[in-house]
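> Okay, so here is coords.txt, and as you'll see once you scroll down, it has compact mmCIF, C-alpha atoms.
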```txt
# COMPACT_ATOMS: atom_id res chain seq x y z
CA MET U 27 11.64 -8.43 16.96
CA SER U 28 7.97 -8.31 17.93
CA ALA U 29 5.54 -10.94 16.69
CA ARG U 30 3.48 -10.09 13.62
CA ARG U 31 -0.11 -9.02 14.14
CA SER U 32 -2.86 -11.37 13.02
CA ALA U 33 -6.55 -11.11 12.23
CA VAL U 34 -9.40 -13.43 11.33
CA VAL U 35 -12.13 -12.08 9.04
CA VAL U 36 -15.36 -14.10 9.04
CA GLY U 37 -17.21 -14.27 5.72
CA SER U 38 -16.70 -14.93 2.03
CA GLY U 39 -17.90 -11.86 0.11
CA GLY U 40 -16.60 -8.64 -1.39
CA ARG U 41 -16.86 -6.83 1.95
CA GLU U 42 -14.66 -9.44 3.63
CA HIS U 43 -12.17 -9.29 0.77
CA ALA U 44 -11.95 -5.49 1.23
CA LEU U 45 -11.48 -5.90 5.00
CA ALA U 46 -8.77 -8.53 4.48
CA ARG U 47 -6.84 -6.39 2.00
CA ALA U 48 -7.05 -3.29 4.22
CA LEU U 49 -5.84 -5.21 7.28
CA ALA U 50 -3.02 -6.85 5.32
CA ALA U 51 -1.99 -3.42 4.00
CA CYS U 52 -1.40 -2.53 7.70
CA GLY U 53 1.02 -5.43 8.00
CA ALA U 54 -1.35 -7.92 9.65
CA ASP U 55 -1.49 -11.54 8.49
CA VAL U 56 -5.14 -12.27 7.73
CA VAL U 57 -7.07 -15.52 7.66
CA VAL U 58 -10.53 -15.35 6.05
CA THR U 59 -13.02 -18.03 7.02
CA PRO U 60 -14.29 -19.53 4.81
CA GLY U 61 -13.21 -16.91 2.24
CA ASN U 62 -13.16 -17.62 -1.48
CA PRO U 63 -10.47 -18.49 -4.07
CA GLY U 64 -10.04 -14.87 -5.21
CA MET U 65 -8.79 -13.67 -1.81
CA PRO U 66 -5.36 -15.30 -1.14
CA ASP U 67 -2.58 -12.78 -1.72
CA THR U 68 0.45 -11.05 -0.22
CA LEU U 69 0.38 -7.30 0.48
CA ASN U 70 3.23 -5.32 2.08
CA GLY U 71 4.76 -8.63 3.12
CA ALA U 72 1.57 -9.70 4.94
CA SER U 73 -0.41 -12.73 3.84
CA ILE U 74 -4.11 -13.26 3.14
CA THR U 75 -5.12 -16.91 3.32
CA CYS U 76 -8.43 -18.77 3.51
CA ASP U 77 -9.36 -21.48 6.00
CA ALA U 78 -12.54 -23.55 6.01
CA ARG U 79 -12.41 -24.12 9.78
CA GLU U 80 -14.85 -22.37 12.12
CA ALA U 81 -13.72 -19.04 13.56
CA SER U 82 -13.74 -20.56 17.05
CA ASP U 83 -11.06 -23.05 15.92
CA LEU U 84 -8.68 -20.29 14.82
CA GLU U 85 -6.26 -18.12 16.80
CA ALA U 86 -5.65 -14.42 16.12
CA ASP U 87 -5.11 -11.06 17.81
CA LEU U 88 -8.36 -9.70 16.35
CA PHE U 89 -11.58 -11.16 14.93
CA VAL U 90 -13.78 -9.16 12.52
CA ILE U 91 -17.19 -10.65 11.69
CA GLY U 92 -18.38 -9.56 8.25
CA PRO U 93 -21.93 -10.81 7.56
CA GLU U 94 -25.07 -10.23 9.61
CA VAL U 95 -26.21 -13.86 9.96
CA PRO U 96 -23.38 -15.09 12.26
CA LEU U 97 -23.79 -11.92 14.33
CA VAL U 98 -27.51 -12.53 14.81
CA GLU U 99 -26.71 -16.15 15.66
CA GLY U 100 -24.31 -15.07 18.45
CA LEU U 101 -20.84 -15.77 17.04
CA ALA U 102 -19.42 -12.62 18.68
CA ASP U 103 -20.71 -13.79 22.08
CA GLN U 104 -19.14 -17.21 21.56
CA LEU U 105 -15.75 -15.75 20.61
CA ARG U 106 -15.77 -13.24 23.48
CA ASP U 107 -16.56 -16.04 25.92
CA MET U 108 -13.32 -17.62 24.64
CA GLY U 109 -11.41 -14.43 25.47
CA ARG U 110 -11.06 -13.18 21.89
CA LEU U 111 -11.07 -9.51 20.79
CA VAL U 112 -14.05 -9.19 18.45
CA VAL U 113 -15.43 -6.48 16.16
CA GLY U 114 -19.16 -7.16 16.01
CA PRO U 115 -22.11 -6.95 18.41
CA GLY U 116 -23.44 -9.86 20.42
CA ALA U 117 -26.77 -11.48 19.56
CA GLN U 118 -28.73 -8.93 21.60
CA GLY U 119 -27.23 -5.96 19.80
CA ALA U 120 -27.47 -7.71 16.43
CA GLN U 121 -31.27 -7.61 16.72
CA VAL U 122 -30.94 -4.04 15.46
CA GLU U 123 -30.62 -5.69 12.04
CA GLY U 124 -32.10 -9.08 12.84
CA SER U 125 -35.58 -7.62 13.48
CA LYS U 126 -36.98 -4.52 11.75
CA ALA U 127 -39.63 -4.26 14.47
CA PHE U 128 -36.95 -4.31 17.22
CA MET U 129 -34.98 -1.64 15.37
CA LYS U 130 -38.00 0.63 14.94
CA GLU U 131 -38.92 0.34 18.64
CA LEU U 132 -35.29 1.09 19.57
CA LEU U 133 -35.29 4.21 17.40
CA ARG U 134 -38.57 5.35 18.91
CA ASP U 135 -37.19 5.01 22.44
CA ALA U 136 -33.95 6.77 21.40
CA HIS U 137 -35.95 9.61 19.81
CA VAL U 138 -34.21 9.06 16.48
CA PRO U 139 -36.17 10.41 13.47
CA THR U 140 -37.37 7.62 11.20
CA ALA U 141 -40.28 6.78 8.94
CA ALA U 142 -43.57 5.93 10.64
CA PHE U 143 -44.06 2.14 10.67
CA TRP U 144 -46.58 -0.62 11.33
CA SER U 145 -45.83 -4.29 12.05
CA VAL U 146 -48.44 -6.64 10.58
CA SER U 147 -48.89 -10.41 10.55
CA THR U 148 -51.99 -10.74 8.35
CA VAL U 149 -53.00 -9.47 4.91
CA GLU U 150 -56.10 -7.90 6.47
CA GLU U 151 -53.97 -5.82 8.86
CA ALA U 152 -51.80 -4.76 5.94
CA GLU U 153 -54.81 -3.76 3.86
CA GLU U 154 -56.10 -1.59 6.69
CA VAL U 155 -52.71 0.16 7.12
CA LEU U 156 -52.13 0.70 3.40
CA SER U 157 -55.58 2.26 3.01
CA THR U 158 -54.42 5.13 5.24
CA LEU U 159 -51.15 5.81 3.38
CA SER U 160 -50.15 7.61 0.21
CA PRO U 161 -47.55 6.21 -2.20
CA PRO U 162 -44.75 5.30 -2.27
CA TYR U 163 -45.50 2.17 -0.23
CA VAL U 164 -42.56 0.48 1.53
CA ILE U 165 -42.88 -3.22 2.46
CA LYS U 166 -40.11 -4.99 4.39
CA THR U 167 -39.53 -8.43 5.85
CA ASP U 168 -39.06 -8.23 9.61
CA GLY U 169 -36.16 -10.72 9.52
CA LEU U 170 -32.96 -11.01 7.49
CA ALA U 171 -33.32 -11.20 3.72
CA ALA U 172 -29.79 -10.38 2.46
CA GLY U 173 -30.79 -6.83 1.62
CA LYS U 174 -33.47 -8.00 -0.82
CA GLY U 175 -36.56 -8.10 1.40
CA VAL U 176 -37.74 -4.58 0.54
CA LEU U 177 -40.36 -3.49 -1.97
CA VAL U 178 -40.92 0.18 -2.81
CA THR U 179 -43.88 0.72 -5.11
CA LEU U 180 -46.45 3.33 -6.14
CA ASP U 181 -49.02 0.56 -6.73
CA ARG U 182 -51.07 -0.38 -3.65
CA ALA U 183 -52.23 -3.66 -5.25
CA GLU U 184 -48.59 -4.64 -5.85
CA ALA U 185 -47.79 -3.75 -2.23
CA LEU U 186 -50.58 -6.04 -0.99
CA ARG U 187 -49.44 -8.89 -3.24
CA ASP U 188 -45.92 -8.50 -1.84
CA VAL U 189 -47.26 -8.61 1.75
CA GLU U 190 -49.10 -11.84 0.93
CA GLU U 191 -45.98 -13.39 -0.66
CA LYS U 192 -43.86 -12.50 2.37
CA LEU U 193 -46.35 -13.59 5.03
CA SER U 194 -46.97 -16.90 3.24
CA GLY U 195 -43.24 -17.68 3.34
CA ARG U 196 -43.08 -18.03 -0.44
CA SER U 197 -40.61 -15.18 -0.94
CA PHE U 198 -38.38 -15.13 2.17
CA GLY U 199 -39.42 -18.03 4.39
CA ALA U 200 -39.51 -17.35 8.14
CA ALA U 201 -37.95 -13.90 7.63
CA GLY U 202 -41.32 -12.70 6.33
CA SER U 203 -43.55 -14.12 9.06
CA THR U 204 -43.96 -10.52 10.22
CA VAL U 205 -44.00 -7.64 7.75
CA VAL U 206 -43.13 -4.02 8.45
CA ILE U 207 -44.94 -1.36 6.43
CA GLU U 208 -43.24 2.03 6.40
CA GLU U 209 -44.16 5.53 5.43
CA GLY U 210 -42.49 6.37 2.12
CA LEU U 211 -39.69 8.95 2.34
CA GLU U 212 -38.14 11.03 -0.41
CA GLY U 213 -34.65 12.48 -0.75
CA PRO U 214 -31.05 11.39 -1.41
CA GLU U 215 -29.83 8.35 0.51
CA CYS U 216 -26.65 8.21 2.56
CA SER U 217 -24.81 5.28 4.12
CA LEU U 218 -23.02 6.30 7.32
CA ILE U 219 -20.89 3.57 8.85
CA ALA U 220 -19.91 4.29 12.45
CA LEU U 221 -17.46 2.35 14.63
CA CYS U 222 -18.65 1.85 18.21
CA ASP U 223 -16.74 0.76 21.31
CA GLY U 224 -19.77 0.38 23.57
CA THR U 225 -19.73 3.98 24.80
CA THR U 226 -18.52 6.21 21.98
CA ALA U 227 -18.83 6.12 18.21
CA VAL U 228 -16.77 7.63 15.36
CA PRO U 229 -17.85 7.99 11.73
CA CYS U 230 -16.33 6.58 8.58
CA ALA U 231 -16.59 8.58 5.36
CA PRO U 232 -20.20 8.73 4.09
CA ALA U 233 -20.98 6.70 0.98
CA GLN U 234 -23.93 6.14 -1.30
CA ASP U 235 -24.95 2.74 -2.60
CA PHE U 236 -27.29 1.76 -5.41
CA LYS U 237 -29.85 -0.87 -4.40
CA ARG U 238 -31.91 -1.28 -7.58
CA LEU U 239 -30.73 -3.73 -10.24
CA LEU U 240 -31.06 -1.43 -13.24
CA ASP U 241 -29.98 2.05 -14.33
CA GLU U 242 -32.02 5.04 -13.14
CA ASP U 243 -33.04 3.06 -10.03
CA GLU U 244 -35.32 0.73 -11.96
CA GLY U 245 -35.87 -2.97 -11.34
CA PRO U 246 -35.94 -5.05 -8.14
CA ASN U 247 -33.99 -4.39 -4.94
CA THR U 248 -30.63 -6.13 -4.60
CA GLY U 249 -27.91 -6.35 -1.98
CA GLY U 250 -26.24 -3.42 -3.76
CA MET U 251 -25.02 -2.89 -7.34
CA GLY U 252 -22.37 -0.26 -6.69
CA ALA U 253 -21.32 2.63 -4.46
CA TYR U 254 -19.15 5.71 -4.25
CA SER U 255 -17.41 7.75 -1.54
CA PRO U 256 -17.23 10.54 -0.50
CA MET U 257 -20.63 12.13 -1.13
CA PRO U 258 -20.20 15.69 -2.47
CA ASP U 259 -23.23 16.96 -0.54
CA VAL U 260 -22.33 15.38 2.82
CA ASP U 261 -19.50 17.37 4.39
CA ASP U 262 -17.95 17.10 7.86
CA VAL U 263 -20.59 19.40 9.37
CA LEU U 264 -23.48 17.28 8.05
CA THR U 265 -21.68 14.06 9.02
CA LYS U 266 -21.40 15.34 12.60
CA GLU U 267 -25.13 16.20 12.56
CA LEU U 268 -26.01 12.70 11.30
CA MET U 269 -23.95 11.16 14.10
CA GLU U 270 -25.69 13.34 16.71
CA VAL U 271 -29.18 12.76 15.30
CA ALA U 272 -28.98 9.06 14.45
CA VAL U 273 -25.97 7.07 15.69
CA LEU U 274 -25.08 8.44 19.14
CA PRO U 275 -28.66 8.35 20.56
CA THR U 276 -29.04 4.78 19.28
CA LEU U 277 -25.79 3.69 20.93
CA LYS U 278 -26.86 5.43 24.16
CA GLU U 279 -30.21 3.59 24.10
CA LEU U 280 -28.46 0.26 23.51
CA LYS U 281 -26.22 0.93 26.52
CA ALA U 282 -29.27 1.89 28.62
CA ARG U 283 -30.70 -1.53 27.78
CA GLY U 284 -27.54 -3.20 29.08
CA ILE U 285 -26.11 -3.97 25.62
CA ASP U 286 -22.34 -3.47 25.29
CA TYR U 287 -22.27 -2.71 21.56
CA ARG U 288 -18.77 -3.12 20.11
CA GLY U 289 -18.77 -3.12 16.34
CA VAL U 290 -20.33 -1.33 13.42
CA LEU U 291 -23.55 0.66 13.41
CA TYR U 292 -24.34 1.33 9.78
CA ALA U 293 -27.10 3.91 9.36
CA GLY U 294 -29.02 3.95 6.10
CA LEU U 295 -30.35 7.51 6.01
CA MET U 296 -32.72 9.52 3.85
CA LEU U 297 -31.87 13.23 3.67
CA THR U 298 -35.43 14.56 3.46
CA LYS U 299 -36.56 18.18 3.15
CA THR U 300 -37.53 18.08 6.83
CA GLY U 301 -34.17 16.69 7.96
CA PRO U 302 -32.35 13.34 8.04
CA LYS U 303 -34.32 10.21 8.86
CA VAL U 304 -33.09 6.67 9.47
CA ILE U 305 -34.36 4.13 6.94
CA GLU U 306 -32.60 1.23 8.63
CA PHE U 307 -29.65 0.24 10.78
CA ASN U 308 -27.29 -2.60 9.95
CA VAL U 309 -24.85 -4.15 12.42
CA ARG U 310 -21.89 -4.73 10.10
CA PHE U 311 -19.85 -3.07 7.39
CA GLY U 312 -21.94 -2.34 4.31
CA ASP U 313 -21.48 -4.23 1.07
CA PRO U 314 -20.57 -2.66 -1.39
CA GLU U 315 -19.86 0.50 0.67
CA THR U 316 -16.84 -1.13 2.35
CA GLN U 317 -15.25 -1.52 -1.08
CA VAL U 318 -15.18 2.29 -1.50
CA ILE U 319 -14.59 3.35 2.11
CA LEU U 320 -11.60 1.19 3.06
CA PRO U 321 -9.46 1.98 -0.04
CA ARG U 322 -9.53 5.62 1.21
CA PHE U 323 -8.83 4.73 4.88
CA LYS U 324 -5.81 6.71 6.12
CA ASN U 325 -5.31 5.27 9.63
CA ASP U 326 -3.98 1.87 10.59
CA LEU U 327 -7.24 -0.11 10.31
CA PHE U 328 -5.98 -2.86 12.61
CA ASP U 329 -5.31 -0.38 15.43
CA VAL U 330 -8.69 1.34 14.98
CA LEU U 331 -10.61 -1.94 15.00
CA ARG U 332 -8.64 -3.22 17.98
CA GLY U 333 -9.83 -0.10 19.83
CA VAL U 334 -13.43 -0.94 18.86
CA ALA U 335 -13.07 -4.52 20.09
CA SER U 336 -11.33 -3.59 23.36
CA GLY U 337 -13.89 -0.90 24.25
CA GLN U 338 -11.64 2.11 23.79
CA ILE U 339 -11.42 3.81 20.40
CA ALA U 340 -8.26 5.93 20.55
CA GLU U 341 -8.31 7.66 17.15
CA ILE U 342 -10.78 9.20 14.73
CA PRO U 343 -10.79 7.58 11.27
CA GLU U 344 -9.29 9.81 8.60
CA PHE U 345 -9.63 9.39 4.83
CA ARG U 346 -7.42 10.20 1.89
CA ASP U 347 -8.49 13.07 -0.33
CA GLU U 348 -9.35 10.66 -3.14
CA ARG U 349 -12.60 9.38 -4.56
CA ALA U 350 -13.63 5.74 -4.93
CA VAL U 351 -16.30 4.13 -7.09
CA THR U 352 -17.21 0.44 -7.16
CA VAL U 353 -19.24 -1.39 -9.80
CA VAL U 354 -20.79 -4.76 -8.97
CA LEU U 355 -20.85 -7.50 -11.60
CA ALA U 356 -23.79 -9.81 -10.92
CA ALA U 357 -24.79 -13.25 -12.18
CA ALA U 358 -27.57 -13.97 -14.65
CA ASN U 359 -31.02 -13.95 -12.99
CA TYR U 360 -29.81 -12.09 -9.86
CA PRO U 361 -31.49 -11.05 -7.50
CA GLY U 362 -33.49 -14.20 -8.17
CA THR U 363 -31.76 -17.60 -8.02
CA PRO U 364 -28.43 -16.87 -9.74
CA VAL U 365 -27.15 -18.94 -12.65
CA LEU U 366 -23.88 -20.49 -11.44
CA GLY U 367 -20.87 -22.01 -13.17
CA ALA U 368 -20.08 -19.51 -15.93
CA GLU U 369 -16.38 -19.02 -16.62
CA ILE U 370 -15.05 -15.55 -15.78
CA ARG U 371 -12.69 -14.08 -18.38
CA GLY U 372 -10.29 -11.20 -17.85
CA LEU U 373 -8.79 -12.20 -14.48
CA ALA U 374 -5.23 -13.25 -13.69
CA SER U 375 -4.45 -16.30 -11.55
CA ASN U 376 -4.35 -14.10 -8.42
CA GLY U 377 -7.92 -12.90 -9.07
CA GLN U 378 -6.98 -9.36 -10.09
CA LEU U 379 -7.24 -7.97 -13.63
CA ALA U 380 -5.24 -9.89 -16.25
CA GLU U 381 -4.20 -6.47 -17.60
CA PRO U 382 -3.75 -4.39 -14.42
CA ILE U 383 -5.02 -0.80 -14.28
CA GLU U 384 -3.42 1.55 -11.76
CA GLY U 385 -5.92 2.43 -9.02
CA VAL U 386 -8.25 -0.52 -9.78
CA THR U 387 -8.88 -3.42 -7.39
CA VAL U 388 -11.15 -6.43 -7.94
CA PHE U 389 -12.94 -7.71 -4.83
CA HIS U 390 -14.26 -11.26 -5.06
CA ALA U 391 -17.72 -12.06 -3.71
CA GLY U 392 -19.28 -15.03 -5.51
CA THR U 393 -16.43 -16.87 -7.22
CA THR U 394 -14.98 -20.36 -7.08
CA ARG U 395 -12.39 -22.53 -8.81
CA VAL U 396 -12.44 -26.21 -9.66
CA ALA U 397 -8.63 -26.43 -9.78
CA PRO U 398 -6.21 -24.22 -7.79
CA GLN U 399 -4.88 -22.49 -10.93
CA GLY U 400 -7.99 -23.01 -13.06
CA PRO U 401 -10.34 -20.28 -14.27
CA PHE U 402 -12.58 -18.47 -11.83
CA LEU U 403 -16.25 -19.45 -12.05
CA VAL U 404 -19.47 -17.69 -11.03
CA ASN U 405 -20.58 -18.99 -7.62
CA GLY U 406 -23.06 -16.41 -6.27
CA GLY U 407 -25.45 -13.59 -7.07
CA ARG U 408 -23.00 -10.73 -6.73
CA VAL U 409 -19.83 -12.05 -8.29
CA LEU U 410 -17.23 -9.27 -8.28
CA ALA U 411 -16.92 -5.63 -7.21
CA VAL U 412 -14.51 -3.55 -9.28
CA THR U 413 -13.27 -0.44 -7.45
CA GLY U 414 -11.54 2.51 -9.02
CA VAL U 415 -9.73 5.21 -7.01
CA GLY U 416 -8.93 8.63 -8.47
CA ALA U 417 -8.54 12.32 -7.74
CA THR U 418 -12.14 13.02 -8.80
CA LEU U 419 -15.32 10.97 -8.92
CA GLU U 420 -15.18 11.12 -12.72
CA GLU U 421 -11.66 9.69 -12.73
CA ALA U 422 -12.53 6.99 -10.17
CA ARG U 423 -15.67 6.15 -12.13
CA ALA U 424 -13.77 5.89 -15.42
CA LYS U 425 -11.24 3.53 -13.83
CA ALA U 426 -13.93 1.34 -12.25
CA TYR U 427 -15.82 0.99 -15.54
CA ARG U 428 -12.64 0.41 -17.52
CA GLY U 429 -11.82 -2.43 -15.14
CA ALA U 430 -15.37 -3.79 -15.21
CA SER U 431 -15.41 -3.71 -19.01
CA SER U 432 -12.34 -5.97 -19.16
CA ILE U 433 -14.21 -8.76 -17.32
CA GLU U 434 -16.76 -11.01 -19.03
CA PHE U 435 -18.95 -13.97 -18.16
CA GLU U 436 -22.16 -15.30 -19.62
CA GLY U 437 -25.27 -13.44 -18.43
CA MET U 438 -23.27 -10.77 -16.55
CA GLN U 439 -25.37 -7.89 -15.20
CA ARG U 440 -24.11 -4.45 -14.16
CA ARG U 441 -25.39 -0.92 -13.82
CA ASN U 442 -23.84 1.75 -16.03
CA ASP U 443 -24.82 4.81 -13.98
CA ILE U 444 -23.01 4.28 -10.67
CA ALA U 445 -21.89 7.71 -9.35
CA ALA U 446 -22.74 9.37 -12.70
CA ARG U 447 -24.91 12.12 -11.21
CA ALA U 448 -22.51 12.77 -8.32
CA ALA U 449 -19.52 12.95 -10.68
CA LYS U 450 -21.35 15.48 -12.82
CA GLU U 451 -22.26 17.59 -9.76
CA GLU U 452 -18.68 17.48 -8.49
CA GLY U 453 -17.41 18.55 -11.92
CA HIS U 454 -19.63 21.65 -11.85
CA ARG U 455 -18.29 22.89 -8.51
```
Re-express the file's structure as structure tokens.

Amino acid sequence: MSARRSAVVVGSGGREHALARALAACGADVVVTPGNPGMPDTLNGASITCDAREASDLEADLFVIGPEVPLVEGLADQLRDMGRLVVGPGAQGAQVEGSKAFMKELLRDAHVPTAAFWSVSTVEEAEEVLSTLSPPYVIKTDGLAAGKGVLVTLDRAEALRDVEEKLSGRSFGAAGSTVVIEEGLEGPECSLIALCDGTTAVPCAPAQDFKRLLDEDEGPNTGGMGAYSPMPDVDDVLTKELMEVAVLPTLKELKARGIDYRGVLYAGLMLTKTGPKVIEFNVRFGDPETQVILPRFKNDLFDVLRGVASGQIAEIPEFRDERAVTVVLAAANYPGTPVLGAEIRGLASNGQLAEPIEGVTVFHAGTTRVAPQGPFLVNGGRVLAVTGVGATLEEARAKAYRGASSIEFEGMQRRNDIAARAAKEEGHR
């Protein structure tokens, strides 16, 4: 009898929980480092456990690095130097997300359509640039800001105040020491997550996430308050076009620069009237997009990711003809400093719904426990992601919200319009 497959997933959020469950569903034993108390489980006879040790102290057939920070800091390089198979770019490739300025210059050299941009390091430079632009104004930190370092506003005075806050370090510390100002784009957004083996890239199913805190895209930017997949308006033909316009030229340019990029290239795209344009690239699976993409994944995820890590993708990802919608439950005061410690009601001891709903999964992001069998407590900004899977977006949406409505904690925030417009459009077809 052959030995069981094993994987280490680095991270502790909802994305890592989704990765761990999908890998375990393929029969791989998964260790998540550091993980969180809502992750341990057994699926299809495979175990999901958490381990506080560093990834470099663990042994496994495959390592998948979830968050952007360890990638930027070079964890993939360290693990590869130890002879490990790793999904995730080295530090050089991770600059695609680690520096907005680097990414924009890369896209320019790769001839990838994107918004015009200006890098500034003083308020005076920003004032000069903004005086030449029309709203909406887009202000971004150059460095990592957990998806929250973006302001989109119609008010030029507000844009300038935001530049000053970022450059001073008051809002995002060193991440804002350089600010990128972008031309405002208009159109539907699309998240396209591609898997790259250094030479070739294959797409996952497109998804759409919801960045603003409040319904109707009001309120401040967050790391993501929900998502759905597939997108009714993004078919296989358009997906292929997006790959050819955005992802493949970027991968080719990375290779031309001597960067062996093995991991995820996640393109945040705006589908404008003049064609698709890249808003940003990330170097890891999206969160919360992963929570709607992987529940629909048809292939053996372990085999596909092993192909990514070894430099030879052997199969194209396929997806079940189902829809998935995820709703994020966030802590009080998020995306500011979250209020921690509230008791979460409605969960069983294994972290899933106390009253299970078929087709509904709860992914843990910011939870903790004081005692092993005690109640789950709020321990982060985005606390849980509740995903519903159904035959239609309306059915998936209904399941996700039914599951979300059975969970309570003090100060809980959630959007009530995730996938509403897309479900309505799909229903009219």
> Would you please work out which residue, of U:His454, U:Arg332, U:His390, U:Lys425, is nearest to U:Ser32 when using only C-alpha atoms?
U:Arg332
> Select, from U:Pro364, U:Gly124, U:Pro162, U:Gly71, the residue with the minimum atom-to-atom distance to U:Ala50, counting all atoms listed in the file.
U:Gly71
> Neighbours of U:Arg423 within 10 Å (only C-alpha atoms; same-chain residues fewer than 5 positions away dropped), as a PyMOL selection string?
chain U and resi 254+349-353+413-416+418+428-429+443-446+449
> Find, counting only C-alpha atoms, the residue in U:Arg371, U:Arg134, U:Arg322, U:Arg288 that gets nearest to U:Gly337.
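The shortest atom-to-atom distance to U:Gly337 comes from U:Arg288.
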> Can you pull out the residues contacting U:Arg441? Cut-off 10 Å, using only C-alpha atoms, and skip same-chain residues under 6 positions away; I want them as a PDB file with C-alpha atoms, in the frame of the given file.

```pdb
ATOM      1  CA  PHE U 236     -27.290   1.760  -5.410  1.00  0.00           C
ATOM      2  CA  ARG U 238     -31.910  -1.280  -7.580  1.00  0.00           C
ATOM      3  CA  LEU U 239     -30.730  -3.730 -10.240  1.00  0.00           C
ATOM      4  CA  LEU U 240     -31.060  -1.430 -13.240  1.00  0.00           C
ATOM      5  CA  ASP U 241     -29.980   2.050 -14.330  1.00  0.00           C
ATOM      6  CA  GLU U 242     -32.020   5.040 -13.140  1.00  0.00           C
ATOM      7  CA  ASP U 243     -33.040   3.060 -10.030  1.00  0.00           C
ATOM      8  CA  MET U 251     -25.020  -2.890  -7.340  1.00  0.00           C
ATOM      9  CA  GLY U 252     -22.370  -0.260  -6.690  1.00  0.00           C
ATOM     10  CA  VAL U 353     -19.240  -1.390  -9.800  1.00  0.00           C
ATOM     11  CA  VAL U 354     -20.790  -4.760  -8.970  1.00  0.00           C
ATOM     12  CA  LEU U 355     -20.850  -7.500 -11.600  1.00  0.00           C
ATOM     13  CA  ALA U 356     -23.790  -9.810 -10.920  1.00  0.00           C
ATOM     14  CA  TYR U 427     -15.820   0.990 -15.540  1.00  0.00           C
TER      15      TYR U 427
END
```
> Between atom CA of U:Leu49 and atom CA of U:Leu327, measure the distance and give it in Å to one decimal.
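One can read the atom CA of U:Leu49 to atom CA of U:Leu327 distance as 6.1 Å.
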> With distances taken over all atoms listed in the file, which of U:Glu212, U:Glu344, U:Asp313, U:Asp83 is nearest to U:Asn325?
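The answer is U:Glu344, which sits nearest to U:Asn325.
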> Skip U:Asn359 itself and residues of its chain fewer than 4 positions away, then list as a PyMOL selection string all residues within 10 Å of it, counting all atoms listed in the file.
chain U and resi 363-366+407+437-439
> Just want the 8 Å neighbourhood of U:Pro161, counted on all atoms listed in the file, with same-chain residues fewer than 6 positions away dropped. Output as a list in words.
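The neighbour list is Thr179, Leu180, Asp181, Arg182 and Gly210 of chain U.
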> Rebuild stretch 369-382 of chain U so that it carries N, CA and C atoms, then output the result as a PDB file, keeping the file's coordinate frame.

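Saved to out15.pdb:
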```pdb
ATOM      1  N   GLU U 369     -17.792 -19.349 -16.727  1.00  0.00           N
ATOM      2  CA  GLU U 369     -16.380 -19.020 -16.620  1.00  0.00           C
ATOM      3  C   GLU U 369     -16.179 -17.516 -16.709  1.00  0.00           C
ATOM      4  N   ILE U 370     -15.332 -16.985 -15.822  1.00  0.00           N
ATOM      5  CA  ILE U 370     -15.050 -15.550 -15.780  1.00  0.00           C
ATOM      6  C   ILE U 370     -13.766 -15.291 -16.557  1.00  0.00           C
ATOM      7  N   ARG U 371     -13.855 -14.425 -17.549  1.00  0.00           N
ATOM      8  CA  ARG U 371     -12.690 -14.080 -18.380  1.00  0.00           C
ATOM      9  C   ARG U 371     -12.196 -12.681 -18.017  1.00  0.00           C
ATOM     10  N   GLY U 372     -10.882 -12.505 -18.108  1.00  0.00           N
ATOM     11  CA  GLY U 372     -10.290 -11.200 -17.850  1.00  0.00           C
ATOM     12  C   GLY U 372      -9.553 -11.088 -16.525  1.00  0.00           C
ATOM     13  N   LEU U 373      -9.485 -12.205 -15.767  1.00  0.00           N
ATOM     14  CA  LEU U 373      -8.790 -12.200 -14.480  1.00  0.00           C
ATOM     15  C   LEU U 373      -7.491 -12.988 -14.555  1.00  0.00           C
ATOM     16  N   ALA U 374      -6.480 -12.519 -13.821  1.00  0.00           N
ATOM     17  CA  ALA U 374      -5.230 -13.250 -13.690  1.00  0.00           C
ATOM     18  C   ALA U 374      -5.389 -14.355 -12.656  1.00  0.00           C
ATOM     19  N   SER U 375      -4.357 -15.172 -12.481  1.00  0.00           N
ATOM     20  CA  SER U 375      -4.450 -16.300 -11.550  1.00  0.00           C
ATOM     21  C   SER U 375      -4.604 -15.850 -10.103  1.00  0.00           C
ATOM     22  N   ASN U 376      -4.185 -14.602  -9.781  1.00  0.00           N
ATOM     23  CA  ASN U 376      -4.350 -14.100  -8.420  1.00  0.00           C
ATOM     24  C   ASN U 376      -5.702 -13.436  -8.198  1.00  0.00           C
ATOM     25  N   GLY U 377      -6.577 -13.442  -9.210  1.00  0.00           N
ATOM     26  CA  GLY U 377      -7.920 -12.900  -9.070  1.00  0.00           C
ATOM     27  C   GLY U 377      -8.053 -11.442  -9.426  1.00  0.00           C
ATOM     28  N   GLN U 378      -6.921 -10.751  -9.658  1.00  0.00           N
ATOM     29  CA  GLN U 378      -6.980  -9.360 -10.090  1.00  0.00           C
ATOM     30  C   GLN U 378      -7.036  -9.304 -11.621  1.00  0.00           C
ATOM     31  N   LEU U 379      -7.103  -8.107 -12.185  1.00  0.00           N
ATOM     32  CA  LEU U 379      -7.240  -7.970 -13.630  1.00  0.00           C
ATOM     33  C   LEU U 379      -6.038  -8.586 -14.351  1.00  0.00           C
ATOM     34  N   ALA U 380      -6.321  -9.307 -15.444  1.00  0.00           N
ATOM     35  CA  ALA U 380      -5.240  -9.890 -16.250  1.00  0.00           C
ATOM     36  C   ALA U 380      -4.357  -8.788 -16.818  1.00  0.00           C
ATOM     37  N   GLU U 381      -4.959  -7.653 -17.160  1.00  0.00           N
ATOM     38  CA  GLU U 381      -4.200  -6.470 -17.600  1.00  0.00           C
ATOM     39  C   GLU U 381      -4.429  -5.392 -16.540  1.00  0.00           C
ATOM     40  N   PRO U 382      -3.534  -5.298 -15.559  1.00  0.00           N
ATOM     41  CA  PRO U 382      -3.750  -4.390 -14.420  1.00  0.00           C
ATOM     42  C   PRO U 382      -3.944  -2.937 -14.850  1.00  0.00           C
TER      43      PRO U 382
END
```
